[in-house]
$ cat work.pdb   # PDB, C-alpha atoms, pLDDT in the B column
MODEL        1
ATOM      1  CA  MET A   1     -40.584 -97.869 -40.719  1.00 90.00           C
ATOM      2  CA  LEU A   2     -39.652-101.291 -39.409  1.00 92.00           C
ATOM      3  CA  GLN A   3     -41.211-100.470 -36.054  1.00 94.00           C
ATOM      4  CA  ILE A   4     -44.493 -99.601 -37.788  1.00 93.00           C
ATOM      5  CA  LEU A   5     -44.470-103.074 -39.343  1.00 93.00           C
ATOM      6  CA  ARG A   6     -43.643-104.738 -36.024  1.00 94.00           C
ATOM      7  CA  ASP A   7     -46.373-102.801 -34.205  1.00 94.00           C
ATOM      8  CA  ARG A   8     -48.980-103.706 -36.814  1.00 93.00           C
ATOM      9  CA  ALA A   9     -47.883-107.367 -36.792  1.00 92.00           C
ATOM     10  CA  ALA A  10     -48.423-107.444 -33.017  1.00 93.00           C
ATOM     11  CA  GLU A  11     -52.138-106.867 -33.707  1.00 93.00           C
ATOM     12  CA  GLY A  12     -52.347-109.947 -35.915  1.00 91.00           C
ATOM     13  CA  PRO A  13     -50.951-111.443 -39.112  1.00 91.00           C
ATOM     14  CA  LEU A  14     -50.300-109.032 -41.941  1.00 91.00           C
ATOM     15  CA  ASN A  15     -51.505-109.579 -45.496  1.00 88.00           C
ATOM     16  CA  TYR A  16     -51.257-107.799 -48.835  1.00 85.00           C
ATOM     17  CA  PHE A  17     -54.255-105.560 -48.140  1.00 87.00           C
ATOM     18  CA  ILE A  18     -52.864-104.390 -44.804  1.00 91.00           C
ATOM     19  CA  CYS A  19     -49.492-103.758 -46.466  1.00 92.00           C
ATOM     20  CA  ARG A  20     -51.285-101.764 -49.170  1.00 90.00           C
ATOM     21  CA  ASP A  21     -52.876 -99.581 -46.474  1.00 93.00           C
ATOM     22  CA  LEU A  22     -49.540 -99.143 -44.717  1.00 94.00           C
ATOM     23  CA  ALA A  23     -47.826 -98.281 -48.013  1.00 94.00           C
ATOM     24  CA  SER A  24     -50.252 -95.385 -48.471  1.00 94.00           C
ATOM     25  CA  ARG A  25     -48.838 -93.675 -45.357  1.00 94.00           C
ATOM     26  CA  VAL A  26     -46.642 -90.661 -46.015  1.00 94.00           C
ATOM     27  CA  ILE A  27     -43.581 -92.250 -44.421  1.00 93.00           C
ATOM     28  CA  PHE A  28     -43.657 -95.018 -47.052  1.00 94.00           C
ATOM     29  CA  THR A  29     -44.870 -92.983 -50.034  1.00 93.00           C
ATOM     30  CA  LYS A  30     -42.027 -90.475 -49.596  1.00 94.00           C
ATOM     31  CA  GLN A  31     -39.566 -93.319 -50.072  1.00 93.00           C
ATOM     32  CA  GLY A  32     -41.561 -94.848 -52.940  1.00 95.00           C
ATOM     33  CA  ILE A  33     -42.153 -98.086 -51.047  1.00 94.00           C
ATOM     34  CA  THR A  34     -44.949-100.203 -52.515  1.00 93.00           C
ATOM     35  CA  ALA A  35     -47.286-102.722 -50.929  1.00 91.00           C
ATOM     36  CA  ARG A  36     -45.403-105.556 -52.626  1.00 90.00           C
ATOM     37  CA  GLN A  37     -42.122-104.353 -51.170  1.00 94.00           C
ATOM     38  CA  LEU A  38     -43.706-104.153 -47.717  1.00 93.00           C
ATOM     39  CA  SER A  39     -45.108-107.675 -48.083  1.00 91.00           C
ATOM     40  CA  ALA A  40     -41.654-108.958 -48.991  1.00 92.00           C
ATOM     41  CA  LYS A  41     -40.054-107.107 -46.080  1.00 94.00           C
ATOM     42  CA  VAL A  42     -42.611-108.471 -43.608  1.00 93.00           C
ATOM     43  CA  ARG A  43     -41.857-112.048 -44.705  1.00 91.00           C
ATOM     44  CA  ASP A  44     -38.127-111.321 -44.666  1.00 93.00           C
ATOM     45  CA  MET A  45     -38.428-110.052 -41.090  1.00 92.00           C
ATOM     46  CA  GLY A  46     -40.187-113.276 -40.096  1.00 92.00           C
ATOM     47  CA  LEU A  47     -43.384-111.514 -39.056  1.00 92.00           C
ATOM     48  CA  ALA A  48     -46.727-113.310 -39.313  1.00 91.00           C
ATOM     49  CA  TYR A  49     -48.027-112.956 -42.858  1.00 90.00           C
ATOM     50  CA  THR A  50     -51.079-114.497 -44.499  1.00 87.00           C
ATOM     51  CA  ARG A  51     -50.745-114.927 -48.217  1.00 79.00           C
ATOM     52  CA  ARG A  52     -53.607-113.487 -50.202  1.00 67.00           C
ATOM     53  CA  ARG A  53     -55.694-115.754 -52.340  1.00 67.00           C
ATOM     54  CA  GLU A  54     -56.800-113.978 -55.445  1.00 70.00           C
ATOM     55  CA  LEU A  55     -59.810-114.802 -57.525  1.00 68.00           C
ATOM     56  CA  THR A  56     -59.844-115.642 -61.203  1.00 71.00           C
ATOM     57  CA  LYS A  57     -61.628-113.433 -63.713  1.00 69.00           C
ATOM     58  CA  ASN A  58     -64.811-115.448 -63.296  1.00 74.00           C
ATOM     59  CA  GLY A  59     -64.753-115.098 -59.497  1.00 69.00           C
ATOM     60  CA  THR A  60     -63.566-118.565 -58.504  1.00 77.00           C
ATOM     61  CA  HIS A  61     -60.598-119.166 -56.242  1.00 80.00           C
ATOM     62  CA  ILE A  62     -57.271-119.835 -57.907  1.00 82.00           C
ATOM     63  CA  ARG A  63     -56.308-123.505 -57.956  1.00 86.00           C
ATOM     64  CA  PHE A  64     -52.629-124.204 -58.306  1.00 87.00           C
ATOM     65  CA  LYS A  65     -51.535-127.052 -60.556  1.00 92.00           C
ATOM     66  CA  GLN A  66     -49.659-128.747 -57.712  1.00 91.00           C
ATOM     67  CA  ASP A  67     -52.860-128.781 -55.621  1.00 91.00           C
ATOM     68  CA  ILE A  68     -54.845-130.299 -58.509  1.00 93.00           C
ATOM     69  CA  VAL A  69     -52.196-132.995 -59.054  1.00 93.00           C
ATOM     70  CA  SER A  70     -52.082-133.774 -55.326  1.00 93.00           C
ATOM     71  CA  ASP A  71     -55.851-134.133 -55.269  1.00 93.00           C
ATOM     72  CA  ILE A  72     -55.774-136.472 -58.294  1.00 93.00           C
ATOM     73  CA  ALA A  73     -53.112-138.599 -56.571  1.00 93.00           C
ATOM     74  CA  ARG A  74     -55.228-138.735 -53.416  1.00 93.00           C
ATOM     75  CA  LEU A  75     -58.342-139.774 -55.357  1.00 92.00           C
ATOM     76  CA  LEU A  76     -56.410-142.523 -57.157  1.00 92.00           C
ATOM     77  CA  ASP A  77     -54.533-143.556 -53.995  1.00 92.00           C
ATOM     78  CA  LEU A  78     -51.154-142.997 -55.658  1.00 91.00           C
ATOM     79  CA  ASP A  79     -47.926-141.957 -53.985  1.00 86.00           C
ATOM     80  CA  ASP A  80     -46.286-139.603 -56.440  1.00 82.00           C
ATOM     81  CA  ILE A  81     -47.473-138.264 -59.765  1.00 89.00           C
ATOM     82  CA  GLY A  82     -45.719-134.919 -59.392  1.00 80.00           C
ATOM     83  CA  SER A  83     -44.538-134.821 -62.988  1.00 89.00           C
ATOM     84  CA  LEU A  84     -48.149-134.134 -64.016  1.00 91.00           C
ATOM     85  CA  VAL A  85     -47.624-130.573 -62.801  1.00 91.00           C
ATOM     86  CA  LYS A  86     -45.990-129.916 -66.168  1.00 93.00           C
ATOM     87  CA  ALA A  87     -49.303-130.564 -67.956  1.00 94.00           C
ATOM     88  CA  GLU A  88     -51.596-127.718 -68.947  1.00 95.00           C
ATOM     89  CA  LYS A  89     -53.951-126.587 -66.207  1.00 92.00           C
ATOM     90  CA  GLY A  90     -57.066-127.073 -68.331  1.00 92.00           C
ATOM     91  CA  HIS A  91     -56.091-130.683 -68.997  1.00 95.00           C
ATOM     92  CA  LEU A  92     -55.419-131.288 -65.298  1.00 95.00           C
ATOM     93  CA  LEU A  93     -58.832-129.900 -64.391  1.00 94.00           C
ATOM     94  CA  ALA A  94     -60.473-132.182 -66.972  1.00 95.00           C
ATOM     95  CA  ILE A  95     -58.595-135.214 -65.617  1.00 95.00           C
ATOM     96  CA  HIS A  96     -59.518-134.236 -62.061  1.00 94.00           C
ATOM     97  CA  ALA A  97     -63.205-133.959 -62.946  1.00 94.00           C
ATOM     98  CA  ALA A  98     -63.169-137.340 -64.719  1.00 95.00           C
ATOM     99  CA  VAL A  99     -61.336-139.093 -61.881  1.00 94.00           C
ATOM    100  CA  GLU A 100     -63.594-137.505 -59.290  1.00 92.00           C
ATOM    101  CA  ALA A 101     -66.693-138.643 -61.215  1.00 92.00           C
ATOM    102  CA  CYS A 102     -65.379-142.218 -61.407  1.00 91.00           C
ATOM    103  CA  VAL A 103     -64.180-142.462 -57.830  1.00 85.00           C
ATOM    104  CA  ALA A 104     -66.983-140.578 -56.068  1.00 72.00           C
ATOM    105  CA  PRO A 105     -69.537-142.722 -54.258  1.00 70.00           C
ATOM    106  CA  PRO A 106     -72.896-142.962 -56.042  1.00 64.00           C
ATOM    107  CA  ASP A 107     -75.615-140.548 -55.024  1.00 62.00           C
ATOM    108  CA  THR A 108     -78.158-142.417 -52.908  1.00 58.00           C
ATOM    109  CA  THR A 109     -80.931-139.834 -53.038  1.00 58.00           C
TER     110      THR A 109
ENDMDL
END

$ encode --input "work.pdb" --output "structure tokens"
Amino acid sequence: MLQILRDRAAEGPLNYFICRDLASRVIFTKQGITARQLSAKVRDMGLAYTRRRELTKNGTHIRFKQDIVSDIARLLDLDDIGSLVKAEKGHLLAIHAAVEACVAPPDTT
């Protein structure tokens, strides 16, 4: 089983969808091994793995709170406002939009 993972990783980085396809093989299904377990094993083995980025229900890419806070700090030219990560995501998105509107250069068209 491990050799199957190594061989597939030699073709390029693995991801959840590849692990899901591998998990459907008889050798893995007989043992009850899931795609999530394969993903964890691949990372544990140190093989190249690309994390999947899921979409939200409305089809937009997931934005993590830490990324939103980092972007706010960058827009405001601040060093560390990491404690904002504890705020609700909706509030962070509202703050980000307001800061971006204030800091963005005016439209010259």

$ closest_residue --input "work.pdb" --among "A:Val26, A:Leu84, A:Ile68, A:Val42" --to "A:Leu5" --atoms "all atoms listed in the file"
A:Val42

$ closest_residue --input "work.pdb" --among "A:Leu92, A:Gly46, A:Asp21, A:Glu54" --to "A:Thr34" --atoms "all atoms listed in the file"
A:Asp21

$ resolve_selection --input "work.pdb" --expression "the PyMOL selection byres ((chain A and resi 22) around 12)" --output "ChimeraX atom specification"
/A:1-2,4-9,14-21,23-29,33-39,42

$ closest_residue --input "work.pdb" --among "A:Thr50, A:Ser70, A:Ala40, A:His91" --to "A:Gly12" --atoms "all atoms listed in the file"
A:Thr50

$ resolve_selection --input "work.pdb" --expression "the PyMOL selection byres ((chain A and resi 99-106) around 12)" --output "PyMOL selection string"
chain A and resi 68-69+71-77+92-98+107-109

$ axis_aligned_box --input "work.pdb" --around "stretch 43-48 of chain A" --padding-each-side "5 Å" --output "AutoDock Vina command-line options"
--center_x -42.4 --center_y -111.7 --center_z -41.9 --size_x 18.6 --size_y 13.3 --size_z 15.6

$ atom_distance --input "work.pdb" --atom1 "atom CA of A:Pro13" --atom2 "atom CA of A:Leu47"
7.6 Å

$ atom_distance --input "work.pdb" --atom1 "atom CA of A:Lys86" --atom2 "atom CA of A:His61"
20.7 Å

$ closest_residue --input "work.pdb" --among "A:Ala48, A:Leu78, A:Gln31, A:Arg43" --to "A:Glu11" --atoms "all atoms listed in the file"
A:Ala48

$ atom_distance --input "work.pdb" --atom1 "atom CA of A:Ala10" --atom2 "atom CA of A:Asp44"
16.0 Å
